[in-house]
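Asks: I am sharing upload_18.pdb, which consists of PDB, C-alpha atoms, pLDDT in the B column:
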```pdb
ATOM      1  CA  MET A   1     101.044 100.169 104.456  1.00 59.00           C
ATOM      2  CA  PRO A   2      97.541 100.414 105.923  1.00 61.00           C
ATOM      3  CA  LYS A   3      94.974  97.923 104.583  1.00 64.00           C
ATOM      4  CA  ALA A   4      93.092 100.764 102.881  1.00 68.00           C
ATOM      5  CA  ARG A   5      96.193 101.426 100.745  1.00 66.00           C
ATOM      6  CA  ALA A   6      96.440  97.919  99.241  1.00 71.00           C
ATOM      7  CA  GLY A   7      96.582  99.392  95.727  1.00 71.00           C
ATOM      8  CA  ALA A   8      99.553 101.566  96.669  1.00 70.00           C
ATOM      9  CA  ALA A   9     101.291  98.579  98.275  1.00 73.00           C
ATOM     10  CA  GLU A  10     100.809  96.478  95.133  1.00 75.00           C
ATOM     11  CA  TYR A  11     102.135  99.326  92.989  1.00 73.00           C
ATOM     12  CA  PHE A  12     105.190  99.675  95.246  1.00 73.00           C
ATOM     13  CA  ALA A  13     105.855  95.919  95.138  1.00 77.00           C
ATOM     14  CA  ASP A  14     105.582  95.941  91.332  1.00 77.00           C
ATOM     15  CA  GLU A  15     107.983  98.877  91.116  1.00 74.00           C
ATOM     16  CA  VAL A  16     110.558  97.065  93.271  1.00 74.00           C
ATOM     17  CA  ARG A  17     110.232  93.875  91.222  1.00 75.00           C
ATOM     18  CA  ASP A  18     110.491  95.714  87.914  1.00 75.00           C
ATOM     19  CA  THR A  19     113.435  97.833  89.045  1.00 70.00           C
ATOM     20  CA  LEU A  20     115.329  94.750  90.154  1.00 69.00           C
ATOM     21  CA  ARG A  21     114.566  92.940  86.912  1.00 68.00           C
ATOM     22  CA  VAL A  22     115.571  95.841  84.702  1.00 68.00           C
ATOM     23  CA  PHE A  23     118.541  97.248  86.591  1.00 63.00           C
ATOM     24  CA  GLU A  24     120.105  94.911  89.123  1.00 58.00           C
ATOM     25  CA  THR A  25     118.987  91.310  89.360  1.00 64.00           C
ATOM     26  CA  PRO A  26     121.915  88.977  88.751  1.00 65.00           C
ATOM     27  CA  SER A  27     121.295  85.743  86.896  1.00 66.00           C
ATOM     28  CA  GLY A  28     122.445  83.521  89.802  1.00 68.00           C
ATOM     29  CA  PRO A  29     121.821  83.464  93.565  1.00 68.00           C
ATOM     30  CA  CYS A  30     122.333  86.796  95.337  1.00 68.00           C
ATOM     31  CA  ASP A  31     124.841  86.985  98.171  1.00 67.00           C
ATOM     32  CA  ALA A  32     123.511  90.335  99.439  1.00 67.00           C
ATOM     33  CA  TYR A  33     120.236  92.262  99.565  1.00 65.00           C
ATOM     34  CA  LEU A  34     119.539  94.078  96.308  1.00 63.00           C
ATOM     35  CA  LEU A  35     117.696  96.961  97.972  1.00 68.00           C
ATOM     36  CA  ARG A  36     119.555  99.321 100.278  1.00 74.00           C
ATOM     37  CA  VAL A  37     119.170  98.427 103.964  1.00 82.00           C
ATOM     38  CA  PRO A  38     118.828 100.985 106.775  1.00 87.00           C
ATOM     39  CA  ASP A  39     122.080 102.407 108.102  1.00 91.00           C
ATOM     40  CA  VAL A  40     123.178 101.850 111.690  1.00 94.00           C
ATOM     41  CA  PRO A  41     123.084 102.978 114.397  1.00 95.00           C
ATOM     42  CA  ILE A  42     119.296 103.136 114.320  1.00 95.00           C
ATOM     43  CA  THR A  43     116.731 103.734 117.074  1.00 94.00           C
ATOM     44  CA  ALA A  44     112.949 103.503 117.332  1.00 93.00           C
ATOM     45  CA  THR A  45     110.475 104.152 120.125  1.00 91.00           C
ATOM     46  CA  ALA A  46     107.106 102.417 120.124  1.00 88.00           C
ATOM     47  CA  GLY A  47     104.554 101.838 122.846  1.00 89.00           C
ATOM     48  CA  ASP A  48     106.254 100.137 125.766  1.00 93.00           C
ATOM     49  CA  GLY A  49     109.885 100.472 124.744  1.00 94.00           C
ATOM     50  CA  GLN A  50     112.733 101.914 122.787  1.00 95.00           C
ATOM     51  CA  VAL A  51     115.031  99.744 120.684  1.00 96.00           C
ATOM     52  CA  PHE A  52     118.621 100.585 119.731  1.00 97.00           C
ATOM     53  CA  PHE A  53     120.750  98.726 117.192  1.00 97.00           C
ATOM     54  CA  ASP A  54     124.364  99.664 116.450  1.00 97.00           C
ATOM     55  CA  GLY A  55     125.107  96.902 113.960  1.00 95.00           C
ATOM     56  CA  GLU A  56     126.474  94.517 116.603  1.00 96.00           C
ATOM     57  CA  ARG A  57     124.211  94.796 119.666  1.00 97.00           C
ATOM     58  CA  ILE A  58     120.493  95.264 120.281  1.00 98.00           C
ATOM     59  CA  ARG A  59     119.257  97.085 123.382  1.00 98.00           C
ATOM     60  CA  LEU A  60     115.676  97.392 124.603  1.00 97.00           C
ATOM     61  CA  GLU A  61     114.787 100.020 127.196  1.00 97.00           C
ATOM     62  CA  TRP A  62     111.287 100.241 128.664  1.00 97.00           C
ATOM     63  CA  THR A  63     109.056 103.329 128.715  1.00 93.00           C
ATOM     64  CA  GLY A  64     106.368 104.218 131.241  1.00 92.00           C
ATOM     65  CA  TRP A  65     103.918 102.128 129.175  1.00 91.00           C
ATOM     66  CA  ALA A  66     105.795  98.868 129.822  1.00 94.00           C
ATOM     67  CA  SER A  67     104.235  96.151 131.934  1.00 94.00           C
ATOM     68  CA  SER A  68     105.552  95.541 135.434  1.00 94.00           C
ATOM     69  CA  ASP A  69     107.014  92.253 134.124  1.00 94.00           C
ATOM     70  CA  LYS A  70     109.229  94.092 131.650  1.00 95.00           C
ATOM     71  CA  GLU A  71     110.135  96.804 134.160  1.00 96.00           C
ATOM     72  CA  LYS A  72     111.284  94.145 136.652  1.00 95.00           C
ATOM     73  CA  MET A  73     113.534  92.545 134.023  1.00 95.00           C
ATOM     74  CA  GLY A  74     115.097  95.923 133.248  1.00 96.00           C
ATOM     75  CA  THR A  75     116.981  96.924 130.121  1.00 97.00           C
ATOM     76  CA  GLN A  76     117.697  94.028 127.797  1.00 97.00           C
ATOM     77  CA  GLU A  77     120.864  93.877 125.708  1.00 97.00           C
ATOM     78  CA  PHE A  78     122.174  91.066 123.536  1.00 96.00           C
ATOM     79  CA  PRO A  79     124.592  90.648 120.625  1.00 97.00           C
ATOM     80  CA  LEU A  80     123.413  90.189 117.063  1.00 96.00           C
ATOM     81  CA  THR A  81     125.145  86.780 117.070  1.00 95.00           C
ATOM     82  CA  ASP A  82     122.522  85.559 119.608  1.00 95.00           C
ATOM     83  CA  VAL A  83     119.585  86.494 117.350  1.00 95.00           C
ATOM     84  CA  ALA A  84     117.938  83.647 115.454  1.00 93.00           C
ATOM     85  CA  SER A  85     115.227  85.729 113.765  1.00 93.00           C
ATOM     86  CA  VAL A  86     113.350  89.024 113.763  1.00 95.00           C
ATOM     87  CA  GLU A  87     109.567  89.346 113.629  1.00 94.00           C
ATOM     88  CA  TRP A  88     107.692  92.557 112.897  1.00 92.00           C
ATOM     89  CA  LYS A  89     103.891  92.730 112.953  1.00 90.00           C
ATOM     90  CA  PRO A  90     101.785  95.867 112.516  1.00 87.00           C
ATOM     91  CA  GLN A  91      99.083  96.738 115.017  1.00 85.00           C
ATOM     92  CA  SER A  92      95.739  95.476 113.782  1.00 81.00           C
ATOM     93  CA  GLY A  93      92.310  95.702 115.377  1.00 80.00           C
ATOM     94  CA  MET A  94      92.611  94.988 119.081  1.00 80.00           C
ATOM     95  CA  GLY A  95      95.957  93.173 118.714  1.00 83.00           C
ATOM     96  CA  TYR A  96      99.380  94.565 119.506  1.00 88.00           C
ATOM     97  CA  GLY A  97     101.921  95.633 116.958  1.00 90.00           C
ATOM     98  CA  THR A  98     105.261  94.002 117.781  1.00 94.00           C
ATOM     99  CA  LEU A  99     108.959  93.981 117.037  1.00 95.00           C
ATOM    100  CA  ARG A 100     110.238  90.715 118.488  1.00 96.00           C
ATOM    101  CA  PHE A 101     113.756  89.313 118.519  1.00 96.00           C
ATOM    102  CA  ARG A 102     113.987  85.529 118.764  1.00 94.00           C
ATOM    103  CA  VAL A 103     117.235  84.489 120.387  1.00 94.00           C
ATOM    104  CA  LYS A 104     118.937  81.131 119.993  1.00 92.00           C
ATOM    105  CA  GLY A 105     117.722  78.775 122.713  1.00 90.00           C
ATOM    106  CA  GLY A 106     115.247  81.430 123.893  1.00 85.00           C
ATOM    107  CA  GLY A 107     112.417  79.095 124.873  1.00 82.00           C
ATOM    108  CA  PRO A 108     108.683  79.426 124.195  1.00 84.00           C
ATOM    109  CA  SER A 109     107.001  82.674 123.200  1.00 84.00           C
ATOM    110  CA  LEU A 110     105.509  84.945 125.812  1.00 91.00           C
ATOM    111  CA  PRO A 111     102.694  87.423 125.194  1.00 92.00           C
ATOM    112  CA  PRO A 112     104.084  90.677 123.729  1.00 92.00           C
ATOM    113  CA  GLN A 113     103.452  92.674 126.908  1.00 90.00           C
ATOM    114  CA  LYS A 114     105.577  90.192 128.927  1.00 93.00           C
ATOM    115  CA  ASP A 115     108.285  89.263 126.435  1.00 95.00           C
ATOM    116  CA  PRO A 116     111.603  90.949 127.368  1.00 95.00           C
ATOM    117  CA  ARG A 117     112.793  90.710 123.751  1.00 96.00           C
ATOM    118  CA  CYS A 118     109.709  92.366 122.276  1.00 95.00           C
ATOM    119  CA  VAL A 119     108.644  95.990 121.904  1.00 95.00           C
ATOM    120  CA  ALA A 120     104.840  96.238 121.677  1.00 93.00           C
ATOM    121  CA  TRP A 121     102.393  99.027 120.836  1.00 91.00           C
ATOM    122  CA  SER A 122      98.614  99.214 120.669  1.00 85.00           C
ATOM    123  CA  VAL A 123      98.145 102.329 118.521  1.00 76.00           C
ATOM    124  CA  GLN A 124      99.162 101.965 114.872  1.00 61.00           C
ATOM    125  CA  ARG A 125     101.088 105.226 114.517  1.00 65.00           C
ATOM    126  CA  PHE A 126     103.459 104.273 117.364  1.00 68.00           C
ATOM    127  CA  GLY A 127     105.046 101.380 115.456  1.00 71.00           C
ATOM    128  CA  GLY A 128     106.320 103.286 112.429  1.00 72.00           C
ATOM    129  CA  THR A 129     110.106 103.248 112.553  1.00 85.00           C
ATOM    130  CA  THR A 130     110.328  99.859 114.254  1.00 91.00           C
ATOM    131  CA  ALA A 131     110.048  98.313 110.767  1.00 89.00           C
ATOM    132  CA  LEU A 132     113.326 100.041 109.845  1.00 91.00           C
ATOM    133  CA  VAL A 133     115.051  98.571 112.904  1.00 94.00           C
ATOM    134  CA  ALA A 134     113.685  95.136 111.969  1.00 94.00           C
ATOM    135  CA  ALA A 135     115.037  95.539 108.421  1.00 91.00           C
ATOM    136  CA  ALA A 136     118.436  96.730 109.688  1.00 94.00           C
ATOM    137  CA  VAL A 137     118.779  93.714 112.004  1.00 95.00           C
ATOM    138  CA  LEU A 138     117.436  91.186 109.505  1.00 91.00           C
ATOM    139  CA  ALA A 139     119.815  92.380 106.788  1.00 89.00           C
ATOM    140  CA  ARG A 140     122.789  91.816 109.089  1.00 92.00           C
ATOM    141  CA  LEU A 141     121.841  88.323 110.261  1.00 90.00           C
ATOM    142  CA  PRO A 142     123.922  85.550 108.696  1.00 83.00           C
ATOM    143  CA  ARG A 143     121.899  83.560 106.207  1.00 70.00           C
ATOM    144  CA  GLU A 144     122.284  80.559 104.008  1.00 64.00           C
ATOM    145  CA  LEU A 145     121.586  80.929 100.323  1.00 52.00           C
ATOM    146  CA  PRO A 146     118.786  78.605  99.162  1.00 54.00           C
ATOM    147  CA  GLU A 147     119.033  76.418  96.103  1.00 59.00           C
ATOM    148  CA  LEU A 148     117.309  78.346  93.354  1.00 50.00           C
ATOM    149  CA  PRO A 149     115.774  76.999  90.168  1.00 55.00           C
ATOM    150  CA  PRO A 150     117.451  78.125  86.954  1.00 57.00           C
ATOM    151  CA  ALA A 151     116.649  81.732  86.151  1.00 50.00           C
ATOM    152  CA  PRO A 152     114.441  82.406  83.141  1.00 51.00           C
ATOM    153  CA  ALA A 153     116.075  83.952  80.119  1.00 53.00           C
ATOM    154  CA  PRO A 154     117.082  87.457  81.235  1.00 51.00           C
ATOM    155  CA  ASP A 155     116.046  89.091  77.975  1.00 55.00           C
ATOM    156  CA  ASP A 156     112.441  87.894  78.410  1.00 58.00           C
ATOM    157  CA  ASP A 157     112.254  89.150  82.020  1.00 66.00           C
ATOM    158  CA  VAL A 158     113.721  92.537  81.130  1.00 69.00           C
ATOM    159  CA  HIS A 159     111.494  92.850  78.094  1.00 73.00           C
ATOM    160  CA  ASP A 160     108.335  92.022  80.108  1.00 76.00           C
ATOM    161  CA  ALA A 161     109.317  94.350  82.960  1.00 76.00           C
ATOM    162  CA  VAL A 162     109.998  97.235  80.576  1.00 76.00           C
ATOM    163  CA  LEU A 163     106.703  96.699  78.756  1.00 77.00           C
ATOM    164  CA  ARG A 164     104.800  96.645  82.080  1.00 79.00           C
ATOM    165  CA  ARG A 165     106.595  99.810  83.171  1.00 79.00           C
ATOM    166  CA  LEU A 166     105.838 101.538  79.868  1.00 79.00           C
ATOM    167  CA  ALA A 167     102.149 100.662  80.220  1.00 81.00           C
ATOM    168  CA  GLU A 168     102.130 102.024  83.775  1.00 81.00           C
ATOM    169  CA  LEU A 169     103.867 105.212  82.648  1.00 79.00           C
ATOM    170  CA  GLY A 170     101.209 105.600  79.942  1.00 80.00           C
ATOM    171  CA  ARG A 171      98.419 105.301  82.524  1.00 79.00           C
ATOM    172  CA  LEU A 172     100.139 107.843  84.799  1.00 76.00           C
ATOM    173  CA  HIS A 173     100.532 110.236  81.852  1.00 71.00           C
ATOM    174  CA  GLN A 174      96.889 109.840  80.794  1.00 78.00           C
ATOM    175  CA  SER A 175      95.673 110.475  84.348  1.00 74.00           C
ATOM    176  CA  GLY A 176      97.766 113.657  84.574  1.00 73.00           C
ATOM    177  CA  VAL A 177     100.235 112.453  87.196  1.00 68.00           C
ATOM    178  CA  LEU A 178     103.134 112.789  84.735  1.00 71.00           C
ATOM    179  CA  THR A 179     103.644 115.844  82.537  1.00 77.00           C
ATOM    180  CA  ASP A 180     104.408 115.417  78.828  1.00 80.00           C
ATOM    181  CA  ASP A 181     108.113 116.065  79.463  1.00 79.00           C
ATOM    182  CA  GLU A 182     108.288 113.665  82.420  1.00 77.00           C
ATOM    183  CA  PHE A 183     106.512 110.967  80.438  1.00 78.00           C
ATOM    184  CA  ALA A 184     108.806 111.423  77.414  1.00 80.00           C
ATOM    185  CA  ALA A 185     111.960 111.265  79.588  1.00 79.00           C
ATOM    186  CA  ALA A 186     110.786 108.174  81.482  1.00 79.00           C
ATOM    187  CA  LYS A 187     109.721 106.461  78.252  1.00 80.00           C
ATOM    188  CA  GLN A 188     113.105 107.117  76.644  1.00 79.00           C
ATOM    189  CA  ALA A 189     114.905 105.694  79.704  1.00 77.00           C
ATOM    190  CA  MET A 190     112.818 102.512  79.510  1.00 76.00           C
ATOM    191  CA  ILE A 191     113.420 102.152  75.775  1.00 75.00           C
ATOM    192  CA  ARG A 192     117.178 102.536  76.317  1.00 74.00           C
ATOM    193  CA  ARG A 193     117.046  99.766  78.938  1.00 71.00           C
ATOM    194  CA  LEU A 194     115.193  97.559  76.482  1.00 69.00           C
ATOM    195  CA  GLN A 195     117.801  98.190  73.790  1.00 69.00           C
ATOM    196  CA  GLU A 196     120.682  97.465  76.208  1.00 68.00           C
ATOM    197  CA  SER A 197     119.286  94.061  77.167  1.00 62.00           C
TER     198      SER A 197
END
```
How does this structure look as structure tokens?

Replies:
Amino acid sequence: MPKARAGAAEYFADEVRDTLRVFETPSGPCDAYLLRVPDVPITATAGDGQVFFDGERIRLEWTGWASSDKEKMGTQEFPLTDVASVEWKPQSGMGYGTLRFRVKGGGPSLPPQKDPRCVAWSVQRFGGTTALVAAAVLARLPRELPELPPAPAPDDDVHDAVLRRLAELGRLHQSGVLTDDEFAAAKQAMIRRLQES
């Protein structure tokens, strides 16, 4: 989200956390992402290139905005099994926004406009759907599960999350965002969750 929407970003992050606590978070380590990941195949165009991901292979094709270095290297294609990591950065100030794929044994980083495994853009609105491609690739990379500390008592987490959500619903109702009926229905759903825990 844009920097000016920090409040909305914090609200969204709180909603995700609370939803996972109330509805889905298992008590032990997770072996899969708890939020739905983008479906494949998926494509995005941004600035100097277009990126395609079919679930197994990533392909980068250059647009007319690509540097001569990238044009000389031509279309890049590599299997997901060669990818070590994915980096996505939004465009900010005079810097480039980037979607970069780090490949195993890929050597040192090049500037975004010269990196054949990086799509770069200099105008914020051009980077939009590249974040979805990054999420789709990242979710399909093999990963090791970290050692996690023991989870807190689930009843306390659920109880706290429900109370926070009820308070937020109350504020939304008072400000007129939620109608009386919407507020009553949402409140009842939260109370049911609290009783089930």

Asks: Apply the PyMOL selection byres ((chain A and resi 77-94) around 9) to the displayed file and report the matching residues as number ranges by chain.

Replies: A: 53, 55-61, 75-76, 95-105, 117, 120-125, 127-128, 130-131, 134-135, 137-138, 140-142

Asks: Run the PyMOL selection byres ((chain A and resi 43) around 10) against the file shown and list the residues it catches, as a list in words.

Replies: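 Evaluating the PyMOL selection byres ((chain A and resi 43) around 10) on this file yields Val40, Pro41, Ile42, Ala44, Thr45, Gln50, Val51, Phe52, Phe53, Asp54, Ile58, Arg59, Leu60, Thr129, Thr130, Leu132 and Val133 of chain A.
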
Asks: Give, as AutoDock Vina command-line options, the centre coordinates and the x, y and z edge lengths in Å to one decimal for an axis-aligned box around all listed atoms of range 103-113 of chain A, padded by 5 Å on each side.

Replies:
```
--center_x 110.8 --center_y 85.7 --center_z 123.5 --size_x 26.2 --size_y 23.9 --size_z 16.9
```

Asks: For the atom pair CA of Arg36 in chain A and CA of Leu166 in chain A, what is the interatomic distance in Å to one decimal place?

Replies: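 Rounded to one decimal, the two atoms are 24.7 Å apart.
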
Asks: Could you tell me, as a list in words, exactly which residues end up selected when the PyMOL selection byres ((chain A and resi 48) around 9) is applied to this structure?

Replies: Thr45, Ala46, Gly47, Gly49, Gln50, Glu61, Trp62, Thr63, Gly64, Trp65, Ala66, Ser67, Lys70, Gln113, Val119, Ala120 and Trp121 of chain A

Asks: Record the distance separating CA of Gly7 in chain A and CA of Leu172 in chain A, expressed in Å with one decimal.

Replies: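 Computing it gives 14.3 Å between the two atoms.
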
Asks: Between CA of Cys118 in chain A and CA of Ala13 in chain A, what is the distance in Å, rounded to a tenth?

Replies: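 Separating CA of Cys118 in chain A from CA of Ala13 in chain A is a distance of 27.6 Å.
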
Asks: Considering all atoms listed in the file, can you say which of A:Glu182, A:Asp160, A:Asp18, A:Asp115 comes closest to Gly74 in chain A?

Replies: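 With all atoms listed in the file as the atom set, the closest residue is A:Asp115.
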
Asks: So, with all atoms listed in the file as the atoms that count, which of A:Val162, A:Ser68, A:Met73, A:Gly106 lies closest to Ile191 in chain A?

Replies: A:Val162

Asks: Kindly complete range 157-168 of chain A to all heavy atoms; the output should be written as an mmCIF file, in the coordinates of the input.

Replies:
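result.cif written:
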```cif
data_model
loop_
_atom_site.group_PDB
_atom_site.id
_atom_site.type_symbol
_atom_site.label_atom_id
_atom_site.label_comp_id
_atom_site.auth_asym_id
_atom_site.auth_seq_id
_atom_site.Cartn_x
_atom_site.Cartn_y
_atom_site.Cartn_z
ATOM 1 N N ASP A 157 112.630 88.458 80.793
ATOM 2 C CA ASP A 157 112.254 89.150 82.020
ATOM 3 C C ASP A 157 112.376 90.661 81.856
ATOM 4 O O ASP A 157 111.491 91.416 82.237
ATOM 5 C CB ASP A 157 113.135 88.710 83.197
ATOM 6 C CG ASP A 157 112.585 87.490 83.902
ATOM 7 O OD1 ASP A 157 111.473 87.049 83.534
ATOM 8 O OD2 ASP A 157 113.256 86.991 84.812
ATOM 9 N N VAL A 158 113.501 91.104 81.312
ATOM 10 C CA VAL A 158 113.721 92.537 81.130
ATOM 11 C C VAL A 158 112.688 93.103 80.173
ATOM 12 O O VAL A 158 112.079 94.139 80.430
ATOM 13 C CB VAL A 158 115.158 92.820 80.623
ATOM 14 C CG1 VAL A 158 115.312 94.272 80.212
ATOM 15 C CG2 VAL A 158 116.164 92.458 81.700
ATOM 16 N N HIS A 159 112.460 92.394 79.098
ATOM 17 C CA HIS A 159 111.494 92.850 78.094
ATOM 18 C C HIS A 159 110.112 93.000 78.718
ATOM 19 O O HIS A 159 109.454 94.039 78.557
ATOM 20 C CB HIS A 159 111.478 91.858 76.923
ATOM 21 C CG HIS A 159 110.610 92.285 75.789
ATOM 22 N ND1 HIS A 159 109.329 91.829 75.639
ATOM 23 C CD2 HIS A 159 110.845 93.155 74.767
ATOM 24 C CE1 HIS A 159 108.794 92.385 74.576
ATOM 25 N NE2 HIS A 159 109.702 93.186 74.011
ATOM 26 N N ASP A 160 109.655 91.969 79.464
ATOM 27 C CA ASP A 160 108.335 92.022 80.108
ATOM 28 C C ASP A 160 108.260 93.147 81.138
ATOM 29 O O ASP A 160 107.264 93.861 81.220
ATOM 30 C CB ASP A 160 108.012 90.691 80.788
ATOM 31 C CG ASP A 160 107.766 89.571 79.784
ATOM 32 O OD1 ASP A 160 107.584 89.875 78.578
ATOM 33 O OD2 ASP A 160 107.767 88.397 80.202
ATOM 34 N N ALA A 161 109.309 93.301 81.932
ATOM 35 C CA ALA A 161 109.317 94.350 82.960
ATOM 36 C C ALA A 161 109.253 95.728 82.320
ATOM 37 O O ALA A 161 108.531 96.610 82.787
ATOM 38 C CB ALA A 161 110.564 94.230 83.839
ATOM 39 N N VAL A 162 109.999 95.934 81.252
ATOM 40 C CA VAL A 162 109.998 97.235 80.576
ATOM 41 C C VAL A 162 108.628 97.508 79.971
ATOM 42 O O VAL A 162 108.098 98.617 80.075
ATOM 43 C CB VAL A 162 111.116 97.313 79.514
ATOM 44 C CG1 VAL A 162 110.948 98.530 78.625
ATOM 45 C CG2 VAL A 162 112.478 97.327 80.187
ATOM 46 N N LEU A 163 108.028 96.496 79.350
ATOM 47 C CA LEU A 163 106.703 96.699 78.756
ATOM 48 C C LEU A 163 105.657 97.030 79.821
ATOM 49 O O LEU A 163 104.816 97.910 79.618
ATOM 50 C CB LEU A 163 106.280 95.466 77.958
ATOM 51 C CG LEU A 163 107.063 95.233 76.662
ATOM 52 C CD1 LEU A 163 106.582 93.954 75.975
ATOM 53 C CD2 LEU A 163 106.947 96.425 75.725
ATOM 54 N N ARG A 164 105.726 96.331 80.978
ATOM 55 C CA ARG A 164 104.800 96.645 82.080
ATOM 56 C C ARG A 164 105.013 98.077 82.569
ATOM 57 O O ARG A 164 104.072 98.810 82.837
ATOM 58 C CB ARG A 164 104.964 95.663 83.235
ATOM 59 C CG ARG A 164 104.232 94.355 83.039
ATOM 60 C CD ARG A 164 104.099 93.569 84.331
ATOM 61 N NE ARG A 164 105.346 93.387 85.044
ATOM 62 C CZ ARG A 164 106.249 92.443 84.758
ATOM 63 N NH1 ARG A 164 106.028 91.603 83.762
ATOM 64 N NH2 ARG A 164 107.356 92.326 85.457
ATOM 65 N N ARG A 165 106.267 98.467 82.688
ATOM 66 C CA ARG A 165 106.595 99.810 83.171
ATOM 67 C C ARG A 165 106.132 100.868 82.165
ATOM 68 O O ARG A 165 105.603 101.901 82.547
ATOM 69 C CB ARG A 165 108.111 99.921 83.421
ATOM 70 C CG ARG A 165 108.529 101.257 83.957
ATOM 71 C CD ARG A 165 107.961 101.484 85.333
ATOM 72 N NE ARG A 165 108.467 102.737 85.840
ATOM 73 C CZ ARG A 165 107.772 103.606 86.527
ATOM 74 N NH1 ARG A 165 106.527 103.340 86.843
ATOM 75 N NH2 ARG A 165 108.304 104.728 86.935
ATOM 76 N N LEU A 166 106.308 100.598 80.884
ATOM 77 C CA LEU A 166 105.838 101.538 79.868
ATOM 78 C C LEU A 166 104.311 101.697 79.924
ATOM 79 O O LEU A 166 103.787 102.810 79.807
ATOM 80 C CB LEU A 166 106.274 101.090 78.476
ATOM 81 C CG LEU A 166 107.748 101.311 78.128
ATOM 82 C CD1 LEU A 166 108.101 100.601 76.824
ATOM 83 C CD2 LEU A 166 108.062 102.797 78.044
ATOM 84 N N ALA A 167 103.606 100.599 80.110
ATOM 85 C CA ALA A 167 102.149 100.662 80.220
ATOM 86 C C ALA A 167 101.738 101.483 81.444
ATOM 87 O O ALA A 167 100.817 102.310 81.377
ATOM 88 C CB ALA A 167 101.560 99.249 80.297
ATOM 89 N N GLU A 168 102.430 101.267 82.555
ATOM 90 C CA GLU A 168 102.130 102.024 83.775
ATOM 91 C C GLU A 168 102.415 103.506 83.574
ATOM 92 O O GLU A 168 101.637 104.365 83.988
ATOM 93 C CB GLU A 168 102.952 101.481 84.949
ATOM 94 C CG GLU A 168 102.724 102.214 86.254
ATOM 95 C CD GLU A 168 101.300 102.108 86.772
ATOM 96 O OE1 GLU A 168 100.622 101.108 86.489
ATOM 97 O OE2 GLU A 168 100.866 103.042 87.470
#
```
